[in-house]
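**Student:** Dropping in structure.txt, with compact mmCIF, C-alpha atoms and all ligand atoms.
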```txt
# COMPACT_ATOMS: atom_id res chain seq x y z
CA MET E 1 -10.19 -14.68 -62.79
CA LYS E 2 -12.83 -11.97 -62.65
CA LEU E 3 -11.26 -8.94 -61.05
CA ILE E 4 -14.19 -6.54 -61.42
CA GLN E 5 -17.79 -7.66 -61.16
CA VAL E 6 -20.58 -5.13 -61.61
CA GLU E 7 -24.23 -6.10 -61.41
CA GLU E 8 -27.33 -4.00 -62.04
CA LEU E 9 -25.40 -0.92 -60.97
CA THR E 10 -27.42 2.29 -60.74
CA LYS E 11 -26.64 5.83 -59.65
CA ASN E 12 -29.37 8.36 -59.28
CA PHE E 13 -28.39 11.97 -58.55
CA ARG E 14 -30.64 14.58 -57.07
CA GLN E 15 -30.06 17.79 -58.98
CA ALA E 16 -31.21 21.17 -57.66
CA VAL E 17 -33.43 23.08 -60.09
CA LYS E 18 -33.23 26.89 -59.99
CA SER E 19 -35.34 29.37 -61.89
CA PRO E 20 -33.22 31.92 -63.79
CA GLY E 21 -32.26 35.35 -62.39
CA LEU E 22 -32.04 36.84 -58.93
CA ALA E 23 -35.72 36.15 -58.19
CA GLY E 24 -35.08 32.49 -58.99
CA ALA E 25 -32.07 32.38 -56.65
CA VAL E 26 -34.07 33.96 -53.80
CA LYS E 27 -37.02 31.63 -54.41
CA HIS E 28 -34.60 28.67 -54.36
CA LEU E 29 -33.44 29.69 -50.88
CA PHE E 30 -36.94 29.16 -49.51
CA THR E 31 -38.54 26.54 -51.72
CA GLN E 32 -35.93 24.24 -53.11
CA SER E 33 -36.96 21.94 -55.91
CA TYR E 34 -35.05 19.01 -57.28
CA ARG E 35 -35.11 16.61 -60.16
CA GLU E 36 -33.70 13.11 -60.37
CA LYS E 37 -30.90 12.32 -62.81
CA LEU E 38 -30.33 8.68 -63.59
CA ALA E 39 -26.60 8.85 -64.46
CA VAL E 40 -26.01 5.08 -64.49
CA ASP E 41 -28.91 2.79 -65.16
CA ARG E 42 -28.69 -0.93 -64.21
CA ILE E 43 -25.41 -1.75 -65.89
CA SER E 44 -23.69 -5.12 -65.59
CA PHE E 45 -20.26 -6.25 -66.76
CA SER E 46 -17.23 -8.10 -65.52
CA ILE E 47 -13.54 -7.60 -66.26
CA GLU E 48 -10.94 -10.34 -66.13
CA GLU E 49 -7.52 -9.86 -64.61
CA GLY E 50 -5.09 -8.56 -67.28
CA GLU E 51 -7.70 -7.13 -69.64
CA ALA E 52 -7.44 -3.67 -71.20
CA VAL E 53 -10.95 -2.26 -71.56
CA ALA E 54 -12.04 1.02 -73.09
CA TYR E 55 -15.09 2.53 -71.43
CA VAL E 56 -16.43 5.13 -73.81
CA GLY E 57 -19.49 7.23 -74.56
CA PRO E 58 -20.55 10.76 -75.41
CA ASN E 59 -20.50 13.63 -72.88
CA GLY E 60 -22.75 13.00 -69.92
CA ALA E 61 -23.12 9.27 -70.73
CA GLY E 62 -22.24 8.13 -67.20
CA LYS E 63 -18.57 7.16 -67.60
CA SER E 64 -17.08 9.19 -64.75
CA THR E 65 -19.94 8.24 -62.45
CA THR E 66 -19.19 4.55 -63.09
CA ILE E 67 -15.46 5.04 -62.50
CA LYS E 68 -16.14 6.96 -59.31
CA MET E 69 -18.27 4.06 -58.04
CA LEU E 70 -15.58 1.54 -59.02
CA THR E 71 -12.92 3.50 -57.17
CA GLY E 72 -15.12 3.86 -54.08
CA ILE E 73 -15.55 7.65 -54.31
CA LEU E 74 -19.30 7.34 -54.89
CA THR E 75 -21.81 4.94 -53.33
CA PRO E 76 -24.21 3.29 -55.77
CA THR E 77 -27.94 3.90 -55.43
CA THR E 78 -28.60 0.22 -56.12
CA GLY E 79 -26.73 -2.75 -57.54
CA SER E 80 -23.41 -4.29 -56.60
CA ILE E 81 -19.71 -3.86 -57.29
CA VAL E 82 -16.96 -6.22 -56.24
CA VAL E 83 -13.34 -5.34 -57.09
CA ASP E 84 -10.76 -8.00 -56.24
CA GLY E 85 -13.07 -9.38 -53.57
CA LEU E 86 -13.78 -5.96 -52.01
CA VAL E 87 -16.78 -3.66 -52.08
CA PRO E 88 -15.03 -0.37 -53.00
CA TYR E 89 -17.33 2.13 -51.23
CA GLN E 90 -17.34 0.04 -48.04
CA GLN E 91 -13.65 -0.88 -47.97
CA ARG E 92 -12.11 2.24 -49.44
CA THR E 93 -8.68 2.00 -47.83
CA ARG E 94 -8.12 -1.63 -48.76
CA ASN E 95 -9.51 -0.99 -52.24
CA ALA E 96 -7.08 1.91 -52.66
CA LYS E 97 -4.16 -0.49 -52.34
CA THR E 98 -5.46 -2.61 -55.22
CA ILE E 99 -6.13 0.24 -57.61
CA GLY E 100 -4.45 3.26 -59.14
CA ALA E 101 -6.35 6.12 -60.74
CA VAL E 102 -5.37 8.94 -63.05
CA PHE E 103 -7.82 11.71 -63.79
CA GLY E 104 -6.56 13.72 -66.75
CA GLN E 105 -8.24 16.91 -65.62
CA ARG E 106 -6.70 17.08 -62.17
CA SER E 107 -3.58 15.96 -60.38
CA GLN E 108 -3.21 13.89 -57.25
CA LEU E 109 0.25 15.32 -56.64
CA TRP E 110 0.97 18.01 -54.06
CA TYR E 111 0.99 21.35 -55.80
CA ASP E 112 3.92 23.06 -54.12
CA ILE E 113 6.42 20.33 -53.37
CA PRO E 114 8.93 18.70 -55.73
CA ILE E 115 7.60 15.67 -57.59
CA ILE E 116 10.18 13.38 -56.04
CA GLU E 117 8.91 14.33 -52.58
CA SER E 118 5.31 13.67 -53.61
CA PHE E 119 6.45 10.23 -54.71
CA SER E 120 8.19 9.66 -51.42
CA LEU E 121 5.00 10.61 -49.52
CA ILE E 122 2.98 8.22 -51.65
CA LYS E 123 5.52 5.49 -50.85
CA ASP E 124 4.85 6.04 -47.14
CA ILE E 125 1.07 6.31 -47.46
CA TYR E 126 0.84 3.09 -49.45
CA GLU E 127 3.59 1.39 -47.45
CA VAL E 128 5.53 0.53 -50.59
CA PRO E 129 8.63 -1.56 -49.72
CA SER E 130 11.87 0.29 -50.52
CA ASP E 131 13.08 -2.24 -53.11
CA VAL E 132 9.73 -2.09 -54.99
CA TYR E 133 9.80 1.71 -54.84
CA LYS E 134 13.33 1.88 -56.20
CA ARG E 135 12.64 -0.59 -58.99
CA ASN E 136 9.49 1.26 -60.05
CA MET E 137 11.13 4.67 -59.82
CA ASP E 138 14.00 3.51 -62.05
CA ARG E 139 11.60 2.01 -64.57
CA PHE E 140 9.14 4.90 -64.67
CA THR E 141 11.90 7.49 -64.80
CA GLU E 142 13.34 5.81 -67.85
CA MET E 143 10.10 4.95 -69.63
CA LEU E 144 8.32 8.23 -68.96
CA GLY E 145 11.37 10.51 -69.09
CA LEU E 146 10.82 11.90 -65.57
CA ALA E 147 14.43 12.83 -64.75
CA GLU E 148 14.27 16.36 -66.16
CA PHE E 149 11.49 17.49 -63.79
CA LEU E 150 11.68 15.26 -60.69
CA ASN E 151 12.91 18.18 -58.61
CA LEU E 152 10.27 20.65 -59.75
CA PRO E 153 6.97 21.23 -57.94
CA THR E 154 3.76 20.19 -59.74
CA ARG E 155 2.77 23.81 -60.33
CA LYS E 156 5.84 24.34 -62.53
CA LEU E 157 5.18 21.36 -64.82
CA SER E 158 3.74 21.44 -68.30
CA LEU E 159 0.56 19.41 -68.82
CA GLY E 160 2.49 16.57 -70.48
CA GLN E 161 5.03 16.43 -67.66
CA ARG E 162 2.28 16.54 -65.06
CA MET E 163 0.45 13.67 -66.70
CA ARG E 164 3.58 11.53 -66.83
CA ALA E 165 4.25 12.26 -63.16
CA ASP E 166 0.64 11.41 -62.25
CA LEU E 167 0.85 8.10 -64.08
CA ALA E 168 4.01 7.16 -62.22
CA ALA E 169 2.47 8.24 -58.89
CA ALA E 170 -0.61 6.08 -59.48
CA LEU E 171 1.55 3.02 -60.15
CA LEU E 172 4.21 3.22 -57.46
CA HIS E 173 2.39 0.68 -55.27
CA ASN E 174 1.98 -1.84 -58.13
CA PRO E 175 -1.83 -1.78 -58.26
CA LYS E 176 -3.62 -4.65 -59.97
CA ILE E 177 -5.97 -2.26 -61.73
CA ILE E 178 -5.46 1.20 -63.11
CA TYR E 179 -8.39 3.49 -63.96
CA LEU E 180 -7.43 6.10 -66.50
CA ASP E 181 -9.87 8.93 -67.10
CA GLU E 182 -8.81 10.92 -70.20
CA PRO E 183 -5.08 10.30 -69.70
CA THR E 184 -4.06 12.01 -72.94
CA ILE E 185 -6.41 15.00 -72.92
CA GLY E 186 -4.77 18.18 -74.19
CA LEU E 187 -1.40 16.58 -74.84
CA ASP E 188 0.66 16.92 -77.98
CA ILE E 189 1.07 13.88 -80.14
CA SER E 190 4.59 12.91 -79.03
CA VAL E 191 3.57 12.79 -75.35
CA LYS E 192 0.38 10.92 -76.26
CA VAL E 193 2.41 8.28 -78.05
CA LYS E 194 4.77 7.94 -75.10
CA ILE E 195 1.91 7.55 -72.63
CA ARG E 196 0.08 5.01 -74.81
CA GLN E 197 3.26 2.99 -75.18
CA PHE E 198 3.77 3.03 -71.44
CA ILE E 199 0.21 1.88 -70.70
CA LYS E 200 0.45 -0.89 -73.28
CA GLU E 201 3.66 -2.20 -71.79
CA LEU E 202 2.22 -2.05 -68.31
CA ASN E 203 -0.68 -4.20 -69.45
CA LYS E 204 1.45 -6.64 -71.43
CA GLU E 205 4.43 -7.05 -69.19
CA GLN E 206 3.03 -6.53 -65.70
CA GLY E 207 -0.45 -7.85 -66.50
CA THR E 208 -1.99 -4.70 -64.96
CA THR E 209 -5.71 -4.49 -65.72
CA ILE E 210 -6.58 -1.28 -67.56
CA VAL E 211 -9.90 0.54 -67.53
CA LEU E 212 -9.61 3.48 -69.89
CA THR E 213 -12.07 6.30 -70.38
CA THR E 214 -11.29 8.57 -73.26
CA HIS E 215 -12.69 10.70 -76.03
CA ASP E 216 -9.52 10.10 -78.02
CA LEU E 217 -10.33 7.02 -80.04
CA GLU E 218 -6.71 6.52 -81.03
CA ASP E 219 -6.02 5.75 -77.39
CA ILE E 220 -8.52 2.91 -77.66
CA GLU E 221 -7.17 1.49 -80.89
CA ASP E 222 -3.69 1.51 -79.49
CA ILE E 223 -4.35 0.07 -76.06
CA CYS E 224 -7.59 -1.91 -75.83
CA ARG E 225 -9.06 -5.05 -77.36
CA ARG E 226 -12.38 -4.73 -75.61
CA LEU E 227 -14.84 -1.89 -75.84
CA ILE E 228 -17.76 -1.00 -73.58
CA ILE E 229 -19.94 1.78 -74.96
CA ILE E 230 -22.29 3.57 -72.59
CA ASP E 231 -24.92 6.18 -73.42
CA HIS E 232 -27.68 7.67 -71.26
CA GLY E 233 -26.42 5.48 -68.44
CA ARG E 234 -27.03 2.22 -70.32
CA ILE E 235 -24.55 -0.11 -71.97
CA LEU E 236 -24.93 0.00 -75.75
CA TYR E 237 -22.16 -2.42 -76.57
CA ASP E 238 -19.75 -4.70 -74.76
CA GLY E 239 -17.46 -6.75 -76.95
CA SER E 240 -14.34 -6.78 -78.99
CA LEU E 241 -13.11 -3.73 -80.84
CA GLN E 242 -12.24 -5.97 -83.76
CA ALA E 243 -15.84 -7.25 -84.05
CA VAL E 244 -17.08 -3.67 -84.35
CA LYS E 245 -14.46 -2.96 -86.97
CA ASP E 246 -15.17 -6.14 -88.92
CA SER E 247 -18.88 -5.51 -89.01
CA PHE E 248 -19.02 -1.79 -89.52
CA ALA E 249 -15.70 -0.77 -90.96
CA ARG E 250 -15.78 -2.84 -94.12
CA GLU E 251 -14.82 -0.13 -96.52
CA ARG E 252 -11.27 0.10 -97.78
CA THR E 253 -9.70 2.77 -99.96
CA PHE E 254 -7.01 1.81 -102.41
CA HIS E 255 -4.76 4.78 -103.24
CA VAL E 256 -2.52 4.22 -106.22
CA GLN E 257 0.07 6.22 -108.13
CA LEU E 258 0.59 5.16 -111.74
CA LYS E 259 3.49 5.78 -114.09
CA GLU E 260 1.16 7.37 -116.63
CA GLU E 261 -2.43 8.56 -116.64
CA ALA E 262 -4.93 5.75 -117.25
CA PRO E 263 -8.26 7.24 -118.42
CA GLN E 264 -9.58 3.83 -119.36
CA LEU E 265 -9.11 2.54 -115.82
CA ALA E 266 -10.88 5.57 -114.39
CA HIS E 267 -13.73 4.99 -116.83
CA ILE E 268 -14.08 1.31 -115.85
CA ILE E 269 -14.18 2.09 -112.15
CA ARG E 270 -16.75 4.86 -112.67
CA GLN E 271 -18.95 2.40 -114.51
CA HIS E 272 -18.49 -0.38 -111.95
CA PRO E 273 -21.60 -0.75 -109.76
CA GLU E 274 -19.61 -1.89 -106.70
CA MET E 275 -16.59 0.41 -106.70
CA ILE E 276 -16.33 4.13 -106.17
CA LEU E 277 -13.72 6.32 -107.76
CA GLU E 278 -13.23 8.61 -104.83
CA GLU E 279 -10.51 10.77 -106.31
CA GLN E 280 -8.59 11.14 -109.54
CA GLN E 281 -5.76 13.61 -109.99
CA GLY E 282 -3.59 12.91 -112.99
CA ARG E 283 -1.68 9.73 -112.28
CA GLN E 284 -3.18 9.29 -108.77
CA LEU E 285 -6.41 7.42 -108.13
CA SER E 286 -8.35 6.47 -105.00
CA ILE E 287 -10.77 3.57 -105.26
CA ARG E 288 -13.23 2.71 -102.50
CA PHE E 289 -14.45 -0.88 -102.15
CA ASP E 290 -16.10 -3.31 -99.71
CA ARG E 291 -13.53 -5.74 -98.35
CA LEU E 292 -16.13 -8.51 -98.16
CA ARG E 293 -16.86 -8.04 -101.86
CA PHE E 294 -13.30 -7.70 -103.21
CA THR E 295 -9.87 -8.59 -101.96
CA ALA E 296 -7.12 -6.01 -102.15
CA GLY E 297 -5.36 -8.40 -104.58
CA GLU E 298 -8.30 -8.23 -106.97
CA ILE E 299 -8.22 -4.44 -106.98
CA LEU E 300 -4.48 -4.52 -107.50
CA ALA E 301 -4.82 -6.96 -110.40
CA LEU E 302 -7.48 -4.76 -112.02
CA VAL E 303 -5.33 -1.64 -111.78
CA MET E 304 -2.30 -3.47 -113.16
CA GLN E 305 -4.20 -4.34 -116.32
CA TYR E 306 -4.39 -0.65 -117.22
CA GLY E 307 -1.22 0.92 -115.91
CA GLU E 308 2.16 0.50 -114.31
CA ILE E 309 2.05 1.02 -110.55
CA ILE E 310 4.67 3.25 -108.91
CA ASP E 311 3.22 3.12 -105.41
CA PHE E 312 0.04 2.15 -103.55
CA ARG E 313 -1.51 2.14 -100.09
CA ILE E 314 -4.75 0.76 -98.58
CA ASP E 315 -6.60 2.73 -95.89
CA GLU E 316 -9.09 1.33 -93.39
CA PRO E 317 -11.77 3.61 -91.96
CA ARG E 318 -10.92 4.93 -88.54
CA ILE E 319 -12.77 3.41 -85.61
CA GLU E 320 -13.64 7.00 -84.73
CA GLN E 321 -16.13 7.22 -87.59
CA VAL E 322 -17.75 3.92 -86.57
CA ILE E 323 -18.13 4.88 -82.93
CA ARG E 324 -19.60 8.28 -83.78
CA LYS E 325 -22.24 6.47 -85.80
CA LEU E 326 -22.95 4.14 -82.88
CA TYR E 327 -23.43 7.14 -80.57
CA ASP E 328 -25.75 8.74 -83.09
CA GLY E 329 -27.84 5.57 -83.31
CA GLU E 330 -27.04 5.16 -87.01
CA LEU E 331 -25.67 1.67 -86.47
CA GLU E 332 -27.51 -1.18 -84.79
CA LEU E 333 -25.55 -3.63 -82.71
CA ASN E 334 -26.76 -7.16 -82.50
CA GLN E 335 -26.42 -9.75 -79.75
CA GLN E 336 -24.08 -11.88 -81.84
CA LEU E 337 -21.55 -9.08 -81.97
CA MET E 338 -21.65 -8.69 -78.22
CA GLY E 339 -21.45 -12.43 -77.59
CA ALA E 340 -17.74 -12.88 -76.98
CA TYR E 341 -17.53 -11.04 -73.67
CA ASN E 342 -20.96 -11.37 -72.22
CA ARG E 343 -20.98 -14.92 -71.06
N1 LIG B 401 -22.54 15.02 -58.52
C1 LIG B 401 -23.52 15.08 -59.44
N2 LIG B 401 -24.73 15.61 -59.13
C2 LIG B 401 -25.72 15.65 -60.03
N3 LIG B 401 -25.63 15.19 -61.30
C3 LIG B 401 -24.45 14.64 -61.67
C4 LIG B 401 -23.34 14.57 -60.76
N4 LIG B 401 -22.30 13.98 -61.42
C5 LIG B 401 -22.73 13.72 -62.67
N5 LIG B 401 -24.03 14.11 -62.83
C6 LIG B 401 -24.84 13.96 -64.05
O1 LIG B 401 -24.84 12.59 -64.40
C7 LIG B 401 -24.74 12.44 -65.81
C8 LIG B 401 -23.52 11.58 -66.14
O2 LIG B 401 -22.36 12.31 -65.82
P1 LIG B 401 -20.88 11.73 -65.98
O3 LIG B 401 -19.93 12.75 -65.45
O4 LIG B 401 -20.81 10.38 -65.39
O5 LIG B 401 -20.74 11.63 -67.56
P2 LIG B 401 -19.46 11.31 -68.47
O6 LIG B 401 -19.87 10.20 -69.37
O7 LIG B 401 -18.27 11.09 -67.62
O8 LIG B 401 -19.33 12.64 -69.31
P3 LIG B 401 -18.04 13.47 -69.81
O9 LIG B 401 -17.50 12.73 -70.98
O10 LIG B 401 -18.64 14.78 -70.19
O11 LIG B 401 -17.09 13.55 -68.65
C9 LIG B 401 -24.68 13.85 -66.39
O12 LIG B 401 -25.99 14.21 -66.81
C10 LIG B 401 -24.23 14.70 -65.22
O13 LIG B 401 -24.76 16.00 -65.32
```
Starting from the file, lay out its structure as structure tokens.
Ligand SMILES: Nc1ncnc2c1ncn2[C@@H]1O[C@H](COP(=O)(O)OP(=O)(O)OP(=O)(O)O)[C@@H](O)[C@H]1O
**Tutor:**
Amino acid sequence: MKLIQVEELTKNFRQAVKSPGLAGAVKHLFTQSYREKLAVDRISFSIEEGEAVAYVGPNGAGKSTTIKMLTGILTPTTGSIVVDGLVPYQQRTRNAKTIGAVFGQRSQLWYDIPIIESFSLIKDIYEVPSDVYKRNMDRFTEMLGLAEFLNLPTRKLSLGQRMRADLAAALLHNPKIIYLDEPTIGLDISVKVKIRQFIKELNKEQGTTIVLTTHDLEDIEDICRRLIIIDHGRILYDGSLQAVKDSFARERTFHVQLKEEAPQLAHIIRQHPEMILEEQQGRQLSIRFDRLRFTAGEILALVMQYGEIIDFRIDEPRIEQVIRKLYDGELELNQQLMGAYNR
């Protein structure tokens, strides 16, 4: 079932233009001039119930503007949005019961009151039945390690604690969809891992639909199968993360540690037109190859001809490198790649 349906969605902002300096500010008071900024430009996509979708793009691409329209905070200039049968900006209150939202940069919790009391207020606002509230509180407390700070006010929490509390708060009413805008920004790696694990389980076990905006591409690899890339307000790519990896991340690096130095092996790889000896330090070698040209087994067999292997490892390129290239226009995406999700 399609839970989110977006068609030809556009948002045009009117931005005030000021000349620099005091004279410019005074002039602006009397003769204001504006320019149009097309933040989102005729985008269309749909999201099925239970999907986990990463919505990514460089700074200023139009991600937050899209999320704000999906959550009902902003009204589109043109186009349509339907979320679980509702038009978010027209039916904000009903839409709010279907969705949860976490904005990494700011908290929705009350600043001065203990977290547990914020939760209790949210329970009342969303009319969460007591048994559901208790079950969720028990689960979130355990999974997100909330117990140590439930009685502290938001202002006393570290960023990682605040983010965990915000996640729990956004989910107390069991929303069908959760929008996460930079949920791991500024967090140390152990908290990031905990939060990713939590989101993954939420998606898998509860079937909660996830729409994730992030600059941290490890979040994407961990949580999402589908990727929507937006730039200059237009969708560049909508399809599976794996398809992008398969097409653009073909290189593999075989790192091997030998029992003894093997100069002959190094020589053969250097001479080979389709392999690259990326590094050689004594008994350690790194060989780069195209996985469509060679299998890892073939590389292994070659190395074994010239030396005894103590240890080896094969690295894939990080999706981060691929996506940067997509942003920079160095990679071209074709329709075939996008096919799977665009029907
Ligand atoms: N309220 C607003 N008024 C005028 N222009 C805006 C407004 N909000 C966003 N914009 C402009 O719209 C464009 C898209 O902004 P948006 O915040 O959606 O980008 P983003 O992809 O979320 O970027 P980031 O990753 O930096 O958060 C930017 O050029 C931004 O300056």
**Student:** Write out, as CSV, each residue of chain E that has an atom at most 9 Å from ligand LIG 401 (chain B), together with the closest pair of atoms and their distance in Å to one decimal, counting only C-alpha atoms and all ligand atoms, rows going by chain and rising number.
**Tutor:**
```
residue,atom,partner,partner_atom,distance
E:Lys11,CA,B:LIG401,O1,8.5
E:Asn12,CA,B:LIG401,O1,8.0
E:Phe13,CA,B:LIG401,C2,4.8
E:Arg14,CA,B:LIG401,C2,5.8
E:Gln15,CA,B:LIG401,C2,5.0
E:Ala16,CA,B:LIG401,C2,8.1
E:Glu36,CA,B:LIG401,C2,8.4
E:Lys37,CA,B:LIG401,N3,6.2
E:Leu38,CA,B:LIG401,O1,6.8
E:Ala39,CA,B:LIG401,O1,4.1
E:Val40,CA,B:LIG401,C8,7.2
E:Val56,CA,B:LIG401,O6,7.6
E:Gly57,CA,B:LIG401,O6,6.0
E:Pro58,CA,B:LIG401,O9,5.7
E:Asn59,CA,B:LIG401,O10,3.5
E:Gly60,CA,B:LIG401,O5,3.4
E:Ala61,CA,B:LIG401,O6,3.6
E:Gly62,CA,B:LIG401,O4,3.2
E:Lys63,CA,B:LIG401,O6,3.8
E:Ser64,CA,B:LIG401,O7,3.6
E:Thr65,CA,B:LIG401,O4,3.7
E:Thr66,CA,B:LIG401,O4,6.5
E:Ile67,CA,B:LIG401,O4,8.1
E:Lys68,CA,B:LIG401,O4,8.4
E:Asp181,CA,B:LIG401,O7,8.7
E:Glu182,CA,B:LIG401,O11,8.8
E:Thr213,CA,B:LIG401,O7,8.3
E:Thr214,CA,B:LIG401,O9,7.8
E:His215,CA,B:LIG401,O9,7.3
E:Ile230,CA,B:LIG401,O6,7.8
E:Asp231,CA,B:LIG401,O6,7.6
E:His232,CA,B:LIG401,C8,7.7
E:Gly233,CA,B:LIG401,C8,7.1
```
**Student:** Deliver the residues from the most recent selection as a file, using C-alpha atoms, as a compact mmCIF listing (two decimals), in the coordinates of the input.
**Tutor:**
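The new file out_18.txt reads:
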```txt
# COMPACT_ATOMS: atom_id res chain seq x y z
CA LYS E 11 -26.64 5.83 -59.65
CA ASN E 12 -29.37 8.36 -59.28
CA PHE E 13 -28.39 11.97 -58.55
CA ARG E 14 -30.64 14.58 -57.07
CA GLN E 15 -30.06 17.79 -58.98
CA ALA E 16 -31.21 21.17 -57.66
CA GLU E 36 -33.70 13.11 -60.37
CA LYS E 37 -30.90 12.32 -62.81
CA LEU E 38 -30.33 8.68 -63.59
CA ALA E 39 -26.60 8.85 -64.46
CA VAL E 40 -26.01 5.08 -64.49
CA VAL E 56 -16.43 5.13 -73.81
CA GLY E 57 -19.49 7.23 -74.56
CA PRO E 58 -20.55 10.76 -75.41
CA ASN E 59 -20.50 13.63 -72.88
CA GLY E 60 -22.75 13.00 -69.92
CA ALA E 61 -23.12 9.27 -70.73
CA GLY E 62 -22.24 8.13 -67.20
CA LYS E 63 -18.57 7.16 -67.60
CA SER E 64 -17.08 9.19 -64.75
CA THR E 65 -19.94 8.24 -62.45
CA THR E 66 -19.19 4.55 -63.09
CA ILE E 67 -15.46 5.04 -62.50
CA LYS E 68 -16.14 6.96 -59.31
CA ASP E 181 -9.87 8.93 -67.10
CA GLU E 182 -8.81 10.92 -70.20
CA THR E 213 -12.07 6.30 -70.38
CA THR E 214 -11.29 8.57 -73.26
CA HIS E 215 -12.69 10.70 -76.03
CA ILE E 230 -22.29 3.57 -72.59
CA ASP E 231 -24.92 6.18 -73.42
CA HIS E 232 -27.68 7.67 -71.26
CA GLY E 233 -26.42 5.48 -68.44
```
**Student:** May I have the protein, DNA and RNA residues with an atom at most 7 Å from (-3.2, 1.7, -102.2), counting all atoms listed in the file in the file's coordinates, returned as a ChimeraX atom specification?
**Tutor:** /E:253-256,312-314
**Student:** Please provide the set of residues having any atom within 10 Å of region 121-131 of chain E, restricted to all atoms listed in the file, with same-chain residues fewer than 2 positions apart removed, written as a CSV table (one decimal) with C-alpha atoms, keeping the file's coordinate frame.
**Tutor:**
```
chain,number,residue,atom,x,y,z
E,93,THR,CA,-8.7,2.0,-47.8
E,96,ALA,CA,-7.1,1.9,-52.7
E,97,LYS,CA,-4.2,-0.5,-52.3
E,109,LEU,CA,0.2,15.3,-56.6
E,110,TRP,CA,1.0,18.0,-54.1
E,115,ILE,CA,7.6,15.7,-57.6
E,116,ILE,CA,10.2,13.4,-56.0
E,117,GLU,CA,8.9,14.3,-52.6
E,118,SER,CA,5.3,13.7,-53.6
E,119,PHE,CA,6.4,10.2,-54.7
E,133,TYR,CA,9.8,1.7,-54.8
E,134,LYS,CA,13.3,1.9,-56.2
E,135,ARG,CA,12.6,-0.6,-59.0
E,136,ASN,CA,9.5,1.3,-60.0
E,137,MET,CA,11.1,4.7,-59.8
E,169,ALA,CA,2.5,8.2,-58.9
E,170,ALA,CA,-0.6,6.1,-59.5
E,172,LEU,CA,4.2,3.2,-57.5
E,173,HIS,CA,2.4,0.7,-55.3
E,174,ASN,CA,2.0,-1.8,-58.1
```
**Student:** In Å, rounded to a single decimal, give me how far CA of Tyr34 (chain E) is from CA of Ile235 (chain E).
**Tutor:** 26.3 Å
**Student:** What does the distance between CA of Ala165 (chain E) and CA of Ile177 (chain E) come to in Å, to one decimal place?
**Tutor:**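 Calculated distance between CA of Ala165 (chain E) and CA of Ile177 (chain E) is 17.8 Å.
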**Student:** Find, counting all atoms listed in the file, the residue in E:Tyr237, E:Phe289, E:Phe103, E:Tyr111 that gets nearest to Leu326 (chain E).
**Tutor:**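 Using all atoms listed in the file, Leu326 (chain E) sits closest to E:Tyr237.
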